[in-house]
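Asks: One file is attached below, input-v4.pdb, containing PDB, C-alpha atoms.
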MODEL        1
ATOM      1  CA  MET A  21      97.244-112.356-127.662
ATOM      2  CA  VAL A  22      94.809-114.317-129.821
ATOM      3  CA  GLU A  23      91.739-112.305-130.787
ATOM      4  CA  VAL A  24      88.502-114.118-129.983
ATOM      5  CA  ARG A  25      85.506-112.505-131.655
ATOM      6  CA  HIS A  26      82.210-112.602-129.717
ATOM      7  CA  GLN A  27      79.417-112.368-132.259
ATOM      8  CA  TYR A  28      75.710-112.825-132.888
ATOM      9  CA  ALA A  29      73.758-113.983-135.912
ATOM     10  CA  THR A  30      70.010-114.058-136.466
ATOM     11  CA  VAL A  31      69.125-117.629-137.386
ATOM     12  CA  ARG A  32      65.554-118.735-138.076
ATOM     13  CA  GLY A  33      64.332-115.693-136.193
ATOM     14  CA  HIS A  34      66.510-116.300-133.128
ATOM     15  CA  ARG A  35      69.627-114.524-131.931
ATOM     16  CA  VAL A  36      72.491-117.011-131.742
ATOM     17  CA  PHE A  37      75.757-116.194-130.000
ATOM     18  CA  TYR A  38      79.048-117.676-131.123
ATOM     19  CA  ARG A  39      82.742-117.292-130.441
ATOM     20  CA  GLU A  40      85.122-117.254-133.380
ATOM     21  CA  ALA A  41      88.889-116.993-133.735
ATOM     22  CA  GLY A  42      91.561-117.727-136.280
ATOM     23  CA  PRO A  43      92.008-117.008-139.993
ATOM     24  CA  ARG A  44      88.774-117.147-141.963
ATOM     25  CA  ASP A  45      90.500-119.084-144.764
ATOM     26  CA  ALA A  46      91.931-121.758-142.427
ATOM     27  CA  PRO A  47      90.345-125.219-142.011
ATOM     28  CA  ALA A  48      87.180-124.834-139.947
ATOM     29  CA  LEU A  49      86.702-126.461-136.536
ATOM     30  CA  VAL A  50      83.244-126.266-134.922
ATOM     31  CA  LEU A  51      83.059-126.764-131.139
ATOM     32  CA  LEU A  52      79.685-127.995-129.855
ATOM     33  CA  HIS A  53      79.110-127.767-126.109
ATOM     34  CA  GLY A  54      77.076-129.950-123.769
ATOM     35  CA  PHE A  55      74.665-129.584-120.863
ATOM     36  CA  PRO A  56      74.488-127.466-118.734
ATOM     37  CA  THR A  57      77.097-125.112-120.130
ATOM     38  CA  SER A  58      77.744-123.052-123.267
ATOM     39  CA  SER A  59      80.600-122.075-125.553
ATOM     40  CA  ARG A  60      82.142-120.714-122.361
ATOM     41  CA  MET A  61      83.552-124.213-121.829
ATOM     42  CA  PHE A  62      85.897-123.572-124.774
ATOM     43  CA  ARG A  63      87.224-120.226-123.538
ATOM     44  CA  HIS A  64      90.731-121.632-122.936
ATOM     45  CA  LEU A  65      90.754-124.082-125.846
ATOM     46  CA  ILE A  66      89.926-121.605-128.615
ATOM     47  CA  PRO A  67      93.115-119.507-128.306
ATOM     48  CA  ARG A  68      95.235-122.684-128.300
ATOM     49  CA  LEU A  69      93.925-123.740-131.717
ATOM     50  CA  ALA A  70      93.245-120.459-133.499
ATOM     51  CA  ASP A  71      96.757-120.120-134.928
ATOM     52  CA  ARG A  72      96.008-122.971-137.373
ATOM     53  CA  PHE A  73      92.228-123.238-137.587
ATOM     54  CA  ARG A  74      89.106-121.140-137.952
ATOM     55  CA  VAL A  75      87.466-122.031-134.652
ATOM     56  CA  ILE A  76      83.717-121.498-134.207
ATOM     57  CA  ALA A  77      81.840-122.228-130.977
ATOM     58  CA  PRO A  78      78.098-121.430-130.836
ATOM     59  CA  ASP A  79      75.762-121.402-127.858
ATOM     60  CA  HIS A  80      72.755-123.657-128.456
ATOM     61  CA  LEU A  81      69.361-122.033-128.016
ATOM     62  CA  GLY A  82      68.491-122.117-124.323
ATOM     63  CA  PHE A  83      72.141-121.888-123.273
ATOM     64  CA  GLY A  84      74.694-119.152-122.669
ATOM     65  CA  HIS A  85      74.142-115.910-124.574
ATOM     66  CA  SER A  86      71.854-117.305-127.263
ATOM     67  CA  ASP A  87      68.120-116.705-127.126
ATOM     68  CA  THR A  88      65.954-118.819-124.860
ATOM     69  CA  PRO A  89      62.566-118.792-126.593
ATOM     70  CA  PRO A  90      59.709-120.049-124.419
ATOM     71  CA  ALA A  91      59.145-123.789-124.607
ATOM     72  CA  ASP A  92      55.557-123.228-125.763
ATOM     73  CA  THR A  93      56.750-121.305-128.849
ATOM     74  CA  PHE A  94      59.894-123.281-129.744
ATOM     75  CA  GLY A  95      60.094-127.047-129.720
ATOM     76  CA  TYR A  96      63.291-127.909-127.842
ATOM     77  CA  THR A  97      64.457-131.058-129.597
ATOM     78  CA  PHE A  98      67.845-132.175-130.832
ATOM     79  CA  ASP A  99      66.506-131.996-134.386
ATOM     80  CA  ALA A 100      65.606-128.339-133.812
ATOM     81  CA  LEU A 101      68.997-127.492-132.269
ATOM     82  CA  THR A 102      70.642-129.168-135.257
ATOM     83  CA  ASP A 103      68.520-127.079-137.638
ATOM     84  CA  VAL A 104      69.741-123.895-135.932
ATOM     85  CA  THR A 105      73.386-125.020-135.946
ATOM     86  CA  GLU A 106      73.186-126.001-139.609
ATOM     87  CA  ALA A 107      71.622-122.654-140.527
ATOM     88  CA  LEU A 108      74.240-120.741-138.529
ATOM     89  CA  LEU A 109      77.097-122.481-140.342
ATOM     90  CA  THR A 110      75.473-121.689-143.682
ATOM     91  CA  GLU A 111      75.013-118.069-142.609
ATOM     92  CA  ILE A 112      78.719-117.642-141.811
ATOM     93  CA  GLY A 113      79.939-119.534-144.864
ATOM     94  CA  VAL A 114      81.123-122.809-143.350
ATOM     95  CA  ASP A 115      80.348-125.875-145.475
ATOM     96  CA  ARG A 116      83.248-128.207-144.556
ATOM     97  CA  TYR A 117      84.481-128.522-141.016
ATOM     98  CA  ALA A 118      85.823-130.722-138.259
ATOM     99  CA  VAL A 119      83.744-131.021-135.097
ATOM    100  CA  TYR A 120      84.595-131.226-131.411
ATOM    101  CA  VAL A 121      81.664-132.767-129.558
ATOM    102  CA  GLN A 122      80.930-132.970-125.855
ATOM    103  CA  ASP A 123      77.746-134.280-124.225
ATOM    104  CA  TYR A 124      74.750-132.591-125.992
ATOM    105  CA  GLY A 125      77.080-131.482-128.774
ATOM    106  CA  ALA A 126      77.398-135.099-129.912
ATOM    107  CA  PRO A 127      73.780-135.787-130.983
ATOM    108  CA  ILE A 128      73.750-132.448-132.786
ATOM    109  CA  ALA A 129      76.956-133.290-134.649
ATOM    110  CA  TRP A 130      75.753-136.818-135.445
ATOM    111  CA  ARG A 131      72.643-135.379-137.070
ATOM    112  CA  LEU A 132      74.761-132.927-139.066
ATOM    113  CA  ALA A 133      76.944-135.812-140.245
ATOM    114  CA  LEU A 134      73.974-137.942-141.256
ATOM    115  CA  ARG A 135      72.447-135.024-143.175
ATOM    116  CA  ALA A 136      75.654-134.088-145.012
ATOM    117  CA  PRO A 137      78.403-136.698-144.563
ATOM    118  CA  GLU A 138      80.704-134.916-146.992
ATOM    119  CA  ALA A 139      80.756-131.807-144.786
ATOM    120  CA  ILE A 140      82.547-133.446-141.837
ATOM    121  CA  THR A 141      86.327-133.574-142.209
ATOM    122  CA  ALA A 142      87.182-135.020-138.765
ATOM    123  CA  VAL A 143      85.662-135.666-135.342
ATOM    124  CA  VAL A 144      87.044-135.031-131.868
ATOM    125  CA  SER A 145      84.855-136.625-129.196
ATOM    126  CA  GLN A 146      85.334-135.599-125.584
ATOM    127  CA  SER A 147      82.617-137.444-123.691
ATOM    128  CA  GLY A 148      80.534-137.184-126.855
ATOM    129  CA  ASN A 149      78.660-140.466-126.804
ATOM    130  CA  ALA A 150      77.728-142.637-129.802
ATOM    131  CA  TYR A 151      77.327-146.126-128.306
ATOM    132  CA  GLU A 152      75.150-147.897-125.756
ATOM    133  CA  GLU A 153      78.299-148.838-123.865
ATOM    134  CA  GLY A 154      78.869-145.190-123.010
ATOM    135  CA  PHE A 155      75.808-144.750-120.802
ATOM    136  CA  VAL A 156      76.545-145.067-117.074
ATOM    137  CA  PRO A 157      73.340-146.707-115.763
ATOM    138  CA  GLN A 158      73.275-145.027-112.350
ATOM    139  CA  PHE A 159      73.264-141.588-113.960
ATOM    140  CA  TRP A 160      70.899-142.316-116.845
ATOM    141  CA  ALA A 161      68.199-144.380-115.120
ATOM    142  CA  PRO A 162      66.156-141.360-113.875
ATOM    143  CA  LEU A 163      66.393-139.643-117.274
ATOM    144  CA  GLU A 164      65.266-142.780-119.069
ATOM    145  CA  ALA A 165      62.321-143.160-116.697
ATOM    146  CA  TYR A 166      61.309-139.537-117.255
ATOM    147  CA  ALA A 167      61.543-139.800-121.050
ATOM    148  CA  GLU A 168      59.430-142.956-121.008
ATOM    149  CA  ASP A 169      56.774-141.620-118.644
ATOM    150  CA  PRO A 170      57.058-137.866-117.961
ATOM    151  CA  GLY A 171      54.967-136.757-115.020
ATOM    152  CA  PRO A 172      54.939-136.006-111.306
ATOM    153  CA  GLY A 173      56.381-139.404-110.443
ATOM    154  CA  THR A 174      59.510-139.048-112.595
ATOM    155  CA  GLU A 175      60.054-135.303-112.991
ATOM    156  CA  PRO A 176      61.488-134.431-109.532
ATOM    157  CA  ALA A 177      64.507-136.705-110.044
ATOM    158  CA  VAL A 178      65.483-135.021-113.297
ATOM    159  CA  ARG A 179      64.620-131.519-112.087
ATOM    160  CA  SER A 180      67.317-131.995-109.486
ATOM    161  CA  ALA A 181      69.869-131.999-112.346
ATOM    162  CA  LEU A 182      69.110-128.286-112.776
ATOM    163  CA  GLY A 183      70.198-127.518-109.211
ATOM    164  CA  PHE A 184      73.435-125.895-108.103
ATOM    165  CA  ASP A 185      74.873-128.969-106.401
ATOM    166  CA  ALA A 186      74.142-131.251-109.351
ATOM    167  CA  ILE A 187      75.815-128.876-111.792
ATOM    168  CA  ARG A 188      78.802-128.535-109.480
ATOM    169  CA  TRP A 189      79.019-132.357-109.339
ATOM    170  CA  GLN A 190      79.196-132.530-113.133
ATOM    171  CA  TYR A 191      82.393-130.487-113.024
ATOM    172  CA  LEU A 192      84.105-132.141-110.073
ATOM    173  CA  HIS A 193      83.319-135.856-110.165
ATOM    174  CA  GLY A 194      86.221-138.020-111.266
ATOM    175  CA  VAL A 195      88.699-135.136-111.117
ATOM    176  CA  ASP A 196      91.882-135.890-109.211
ATOM    177  CA  ARG A 197      92.748-132.218-108.675
ATOM    178  CA  PRO A 198      89.446-130.381-108.122
ATOM    179  CA  GLU A 199      91.294-127.220-107.127
ATOM    180  CA  LEU A 200      92.080-126.717-110.825
ATOM    181  CA  VAL A 201      88.401-126.365-111.704
ATOM    182  CA  ASP A 202      87.223-122.756-111.659
ATOM    183  CA  PRO A 203      84.040-122.422-109.553
ATOM    184  CA  ASP A 204      82.866-119.712-111.943
ATOM    185  CA  THR A 205      82.003-122.580-114.313
ATOM    186  CA  TRP A 206      79.189-124.137-112.336
ATOM    187  CA  THR A 207      78.118-120.783-110.888
ATOM    188  CA  ALA A 208      77.630-119.285-114.354
ATOM    189  CA  ASP A 209      75.962-122.412-115.710
ATOM    190  CA  HIS A 210      73.492-122.521-112.830
ATOM    191  CA  ARG A 211      72.695-118.844-113.318
ATOM    192  CA  ASP A 212      71.947-119.380-117.012
ATOM    193  CA  ILE A 213      69.932-122.569-116.480
ATOM    194  CA  SER A 214      67.880-120.757-113.811
ATOM    195  CA  ARG A 215      66.584-118.026-116.125
ATOM    196  CA  PRO A 216      62.763-117.809-116.070
ATOM    197  CA  GLY A 217      61.262-120.467-118.306
ATOM    198  CA  ASN A 218      64.543-122.224-118.998
ATOM    199  CA  ASP A 219      63.575-125.149-116.796
ATOM    200  CA  LEU A 220      60.851-126.105-119.283
ATOM    201  CA  ALA A 221      63.320-125.917-122.166
ATOM    202  CA  GLN A 222      65.750-128.182-120.332
ATOM    203  CA  LEU A 223      63.047-130.669-119.353
ATOM    204  CA  ALA A 224      61.981-130.866-123.001
ATOM    205  CA  LEU A 225      65.557-131.731-124.004
ATOM    206  CA  PHE A 226      65.753-134.342-121.242
ATOM    207  CA  ARG A 227      62.656-135.985-122.717
ATOM    208  CA  ASP A 228      63.944-135.721-126.267
ATOM    209  CA  TYR A 229      67.292-137.316-125.475
ATOM    210  CA  ALA A 230      65.599-140.671-126.010
ATOM    211  CA  THR A 231      65.489-139.871-129.759
ATOM    212  CA  ASN A 232      69.278-139.978-129.979
ATOM    213  CA  ARG A 233      69.832-143.649-129.254
ATOM    214  CA  PRO A 234      67.751-144.933-132.223
ATOM    215  CA  LEU A 235      70.102-142.973-134.501
ATOM    216  CA  TYR A 236      73.124-144.996-133.407
ATOM    217  CA  PRO A 237      72.813-147.815-135.997
ATOM    218  CA  ARG A 238      72.726-145.272-138.847
ATOM    219  CA  LEU A 239      75.596-143.401-137.235
ATOM    220  CA  HIS A 240      77.708-146.542-136.993
ATOM    221  CA  THR A 241      77.065-147.218-140.672
ATOM    222  CA  TYR A 242      78.221-143.677-141.410
ATOM    223  CA  PHE A 243      81.415-144.313-139.453
ATOM    224  CA  ARG A 244      82.136-147.544-141.322
ATOM    225  CA  GLU A 245      81.385-146.114-144.745
ATOM    226  CA  SER A 246      83.031-142.711-144.348
ATOM    227  CA  ARG A 247      86.065-143.758-142.274
ATOM    228  CA  VAL A 248      85.975-140.221-140.903
ATOM    229  CA  PRO A 249      89.128-139.520-138.867
ATOM    230  CA  LEU A 250      88.188-139.611-135.194
ATOM    231  CA  LEU A 251      89.956-138.768-131.962
ATOM    232  CA  ALA A 252      88.295-139.743-128.668
ATOM    233  CA  VAL A 253      89.857-138.096-125.621
ATOM    234  CA  TRP A 254      87.796-138.745-122.466
ATOM    235  CA  GLY A 255      88.210-138.347-118.756
ATOM    236  CA  GLU A 256      88.727-141.807-117.310
ATOM    237  CA  GLY A 257      86.595-140.871-114.294
ATOM    238  CA  ASP A 258      83.532-139.645-116.204
ATOM    239  CA  LEU A 259      80.419-141.031-114.476
ATOM    240  CA  ILE A 260      78.002-139.721-117.121
ATOM    241  CA  PHE A 261      79.523-141.153-120.275
ATOM    242  CA  GLY A 262      81.972-143.819-119.197
ATOM    243  CA  PRO A 263      85.258-144.861-120.850
ATOM    244  CA  ASP A 264      83.611-147.816-122.611
ATOM    245  CA  GLY A 265      81.872-145.262-124.796
ATOM    246  CA  ALA A 266      85.253-144.033-126.003
ATOM    247  CA  ARG A 267      86.584-147.533-126.598
ATOM    248  CA  ALA A 268      83.510-148.451-128.639
ATOM    249  CA  PHE A 269      84.459-146.113-131.500
ATOM    250  CA  ALA A 270      87.148-148.612-132.517
ATOM    251  CA  ARG A 271      84.478-151.150-133.421
ATOM    252  CA  ASP A 272      83.349-149.114-136.444
ATOM    253  CA  LEU A 273      86.453-146.962-136.910
ATOM    254  CA  PRO A 274      89.474-149.267-136.454
ATOM    255  CA  ASP A 275      91.830-146.323-136.968
ATOM    256  CA  ALA A 276      90.172-144.207-134.273
ATOM    257  CA  GLU A 277      92.654-142.664-131.844
ATOM    258  CA  ILE A 278      91.437-143.220-128.293
ATOM    259  CA  HIS A 279      92.924-141.667-125.161
ATOM    260  CA  LEU A 280      91.527-142.097-121.654
ATOM    261  CA  VAL A 281      92.901-139.425-119.338
ATOM    262  CA  PRO A 282      93.505-140.517-115.718
ATOM    263  CA  GLY A 283      92.169-138.052-113.159
ATOM    264  CA  GLY A 284      89.815-136.439-115.672
ATOM    265  CA  GLY A 285      86.039-136.184-115.475
ATOM    266  CA  HIS A 286      83.170-135.032-117.657
ATOM    267  CA  PHE A 287      84.535-131.518-118.254
ATOM    268  CA  LEU A 288      88.069-132.501-119.135
ATOM    269  CA  LEU A 289      89.108-129.094-120.445
ATOM    270  CA  GLU A 290      88.832-127.618-116.951
ATOM    271  CA  SER A 291      91.479-129.859-115.393
ATOM    272  CA  HIS A 292      93.504-131.340-118.295
ATOM    273  CA  LEU A 293      93.552-128.644-120.968
ATOM    274  CA  ASP A 294      97.170-129.193-121.986
ATOM    275  CA  THR A 295      96.594-132.915-122.485
ATOM    276  CA  VAL A 296      93.566-132.337-124.708
ATOM    277  CA  VAL A 297      95.315-129.605-126.694
ATOM    278  CA  GLY A 298      98.330-131.830-127.297
ATOM    279  CA  HIS A 299      96.204-134.665-128.663
ATOM    280  CA  MET A 300      94.089-132.306-130.758
ATOM    281  CA  ARG A 301      96.948-130.385-132.352
ATOM    282  CA  ASP A 302      98.685-133.621-133.277
ATOM    283  CA  PHE A 303      95.509-135.263-134.631
ATOM    284  CA  LEU A 304      94.145-132.247-136.508
ATOM    285  CA  GLY A 305      97.587-131.382-137.835
ATOM    286  CA  ARG A 306      97.782-134.800-139.479
ATOM    287  CA  THR A 307      94.198-134.939-140.731
ATOM    288  CA  LEU A 308      93.329-131.375-141.761
ATOM    289  CA  LEU A 309      96.586-129.628-142.720
TER     290      LEU A 309
ENDMDL
END
Would you kindly transcribe this structure into structure tokens?
Replies:
Amino acid sequence: MVEVRHQYATVRGHRVFYREAGPRDAPALVLLHGFPTSSRMFRHLIPRLADRFRVIAPDHLGFGHSDTPPADTFGYTFDALTDVTEALLTEIGVDRYAVYVQDYGAPIAWRLALRAPEAITAVVSQSGNAYEEGFVPQFWAPLEAYAEDPGPGTEPAVRSALGFDAIRWQYLHGVDRPELVDPDTWTADHRDISRPGNDLAQLALFRDYATNRPLYPRLHTYFRESRVPLLAVWGEGDLIFGPDGARAFARDLPDAEIHLVPGGGHFLLESHLDTVVGHMRDFLGRTLL
């Protein structure tokens, strides 16, 4: 049995939870989760990689077991979440690492890469968007309207994303075998998102998502100049970040390895874990070891 350590660190005055496994002197791999989940999404992946890598998976503030400071005392922005992640990695002695990014994890990782390009050894993107082509218009239109003009006319549509049915949809859409997806996933996520005051934190992040897209030109320059090894493994049926977002990496990283998984959705690890693990072990084995 692989030992997964469940730990806390105090970072910038906040208690941050993270999962860690593997030898401390092995190449580091940081797993950054998306909305509306937590490091819980990596519960099956971590043991499959910890024989060769030091795997670290934090919960962002406002998610999982990390603190959820009130939105009127902590500014929930992707810059702020990046600050906390950066400080956590410094606290636990990680200065060079590969990243696995999914959903919200991507804009955090992109900021880390732009701040310290030399720190990133490789990237695995699983529905971790970096291109305009990745946005599925039907999903993103209400969020874009809310970010542009937050108020009573636009807020109800995005508030619905915090509901049980919407979170369940995130897990099941595009999945050819939904019976493989554990219902504990969306049940736990909805419970965490529904904590008192968390709605305001999540709405703040919805508004701030608009700050990510202007970073893309700098990010693409980073890709071209660094030639960072990159693996994109996406569910072909993802209706949040579509397959064109995976294909687009090849424009700036011609050597990018891109795999679209039939029958997979936004949370690919829930239904196609073995496929993702196979691609990751092959890719990371060639790039990090």
Asks: One decimal, in Å: what's the spacing between atom CA of A:Glu175 and atom CA of A:Ile213?
Replies: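 Distance reported for this atom pair: 16.5 Å.
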Asks: Could you give me, as JSON, numbers by chain, the residues within 6 Å of stretch 51-64 of chain A, counting all atoms listed in the file and dropping anything in the same chain fewer than 3 positions from it?
Replies: {"A": [77, 78, 79, 83, 84, 119, 120, 121, 122, 123, 124, 125, 209]}
Asks: Please report as a tab-separated table every residue of stretch 190-271 of chain A lying within 6 Å of stretch 136-155 of chain A, along with the nearest atom pair and their distance in Å (one decimal), using only C-alpha atoms.
Replies:
residue	atom	partner	partner_atom	distance
A:Val248	CA	A:Ala142	CA	5.8
A:Pro249	CA	A:Ala142	CA	4.9
A:Leu250	CA	A:Val143	CA	4.7
A:Leu251	CA	A:Val144	CA	4.7
A:Ala252	CA	A:Ser145	CA	4.7
A:Val253	CA	A:Gln146	CA	5.2
A:Trp254	CA	A:Gln146	CA	5.1
A:Phe261	CA	A:Gly154	CA	4.9
A:Gly262	CA	A:Gly154	CA	5.1
A:Asp264	CA	A:Gly154	CA	5.4
A:Gly265	CA	A:Gly154	CA	3.5
Asks: Would you work out the distance separating atom CA of A:Thr97 from atom CA of A:Arg32, expressed in Å to one decimal?
Replies: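 For atom CA of A:Thr97 relative to atom CA of A:Arg32, the distance reads 15.0 Å.
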Asks: Have a look at atom CA of A:Leu225 and atom CA of A:Ala208 and let me know their distance in Å, one decimal.
Replies: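 So the answer is 19.8 Å.
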Asks: Please write the residues picked by the PyMOL selection byres ((chain A and resi 283) around 9) on this file as a list of chain:residue names.
Replies: A:Gly194, A:Val195, A:Asp196, A:Arg197, A:Gly255, A:Glu256, A:Gly257, A:Val281, A:Pro282, A:Gly284, A:Gly285, A:Ser291, A:His292
Asks: Compare A:Gln222, A:Glu290, A:Leu101, A:Leu49 by their minimum atom-to-atom distance to A:Glu199, counting all atoms listed in the file, and give me the closest one.
Replies: A:Glu290
Asks: Counting all atoms listed in the file, write as JSON, numbers by chain all protein and nucleic acid residues lying at most 12 Å from (65.5, -127.7, -126.6) in the file's frame.
Replies: {"A": [55, 56, 80, 81, 82, 83, 87, 88, 89, 90, 91, 92, 93, 94, 95, 96, 97, 98, 99, 100, 101, 102, 103, 104, 124, 128, 217, 218, 219, 220, 221, 222, 223, 224, 225, 226, 227, 228, 229]}
Asks: Apply the PyMOL selection byres ((chain A and resi 168-170) around 12) to the structure shown and report the selected residues as a list of chain:residue names.
Replies: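 Selection result, ordered by chain and number: A:Ala161, A:Pro162, A:Leu163, A:Glu164, A:Ala165, A:Tyr166, A:Ala167, A:Gly171, A:Pro172, A:Gly173, A:Thr174, A:Glu175, A:Pro176, A:Ala177, A:Val178, A:Arg179, A:Leu223, A:Ala224, A:Phe226, A:Arg227, A:Asp228, A:Tyr229, A:Ala230, A:Thr231.
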Asks: Would you export the selected residues with C-alpha atoms as a PDB file, in the frame of the given file, please?
Replies:
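Everything below was put into selection-v9.pdb:
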ATOM      1  CA  ALA A 161      68.199-144.380-115.120  1.00  0.00           C
ATOM      2  CA  PRO A 162      66.156-141.360-113.875  1.00  0.00           C
ATOM      3  CA  LEU A 163      66.393-139.643-117.274  1.00  0.00           C
ATOM      4  CA  GLU A 164      65.266-142.780-119.069  1.00  0.00           C
ATOM      5  CA  ALA A 165      62.321-143.160-116.697  1.00  0.00           C
ATOM      6  CA  TYR A 166      61.309-139.537-117.255  1.00  0.00           C
ATOM      7  CA  ALA A 167      61.543-139.800-121.050  1.00  0.00           C
ATOM      8  CA  GLY A 171      54.967-136.757-115.020  1.00  0.00           C
ATOM      9  CA  PRO A 172      54.939-136.006-111.306  1.00  0.00           C
ATOM     10  CA  GLY A 173      56.381-139.404-110.443  1.00  0.00           C
ATOM     11  CA  THR A 174      59.510-139.048-112.595  1.00  0.00           C
ATOM     12  CA  GLU A 175      60.054-135.303-112.991  1.00  0.00           C
ATOM     13  CA  PRO A 176      61.488-134.431-109.532  1.00  0.00           C
ATOM     14  CA  ALA A 177      64.507-136.705-110.044  1.00  0.00           C
ATOM     15  CA  VAL A 178      65.483-135.021-113.297  1.00  0.00           C
ATOM     16  CA  ARG A 179      64.620-131.519-112.087  1.00  0.00           C
ATOM     17  CA  LEU A 223      63.047-130.669-119.353  1.00  0.00           C
ATOM     18  CA  ALA A 224      61.981-130.866-123.001  1.00  0.00           C
ATOM     19  CA  PHE A 226      65.753-134.342-121.242  1.00  0.00           C
ATOM     20  CA  ARG A 227      62.656-135.985-122.717  1.00  0.00           C
ATOM     21  CA  ASP A 228      63.944-135.721-126.267  1.00  0.00           C
ATOM     22  CA  TYR A 229      67.292-137.316-125.475  1.00  0.00           C
ATOM     23  CA  ALA A 230      65.599-140.671-126.010  1.00  0.00           C
ATOM     24  CA  THR A 231      65.489-139.871-129.759  1.00  0.00           C
TER      25      THR A 231
END
Asks: Considering all atoms listed in the file, state which residue in the set A:Pro216, A:Val114, A:Arg244, A:Trp206 is at the smallest distance from A:Ile187.
Replies: A:Trp206
Asks: Find, counting only C-alpha atoms, the residue in A:Glu40, A:Ala46, A:Val24, A:Ala181 that gets nearest to A:Leu309.
Replies: A:Ala46
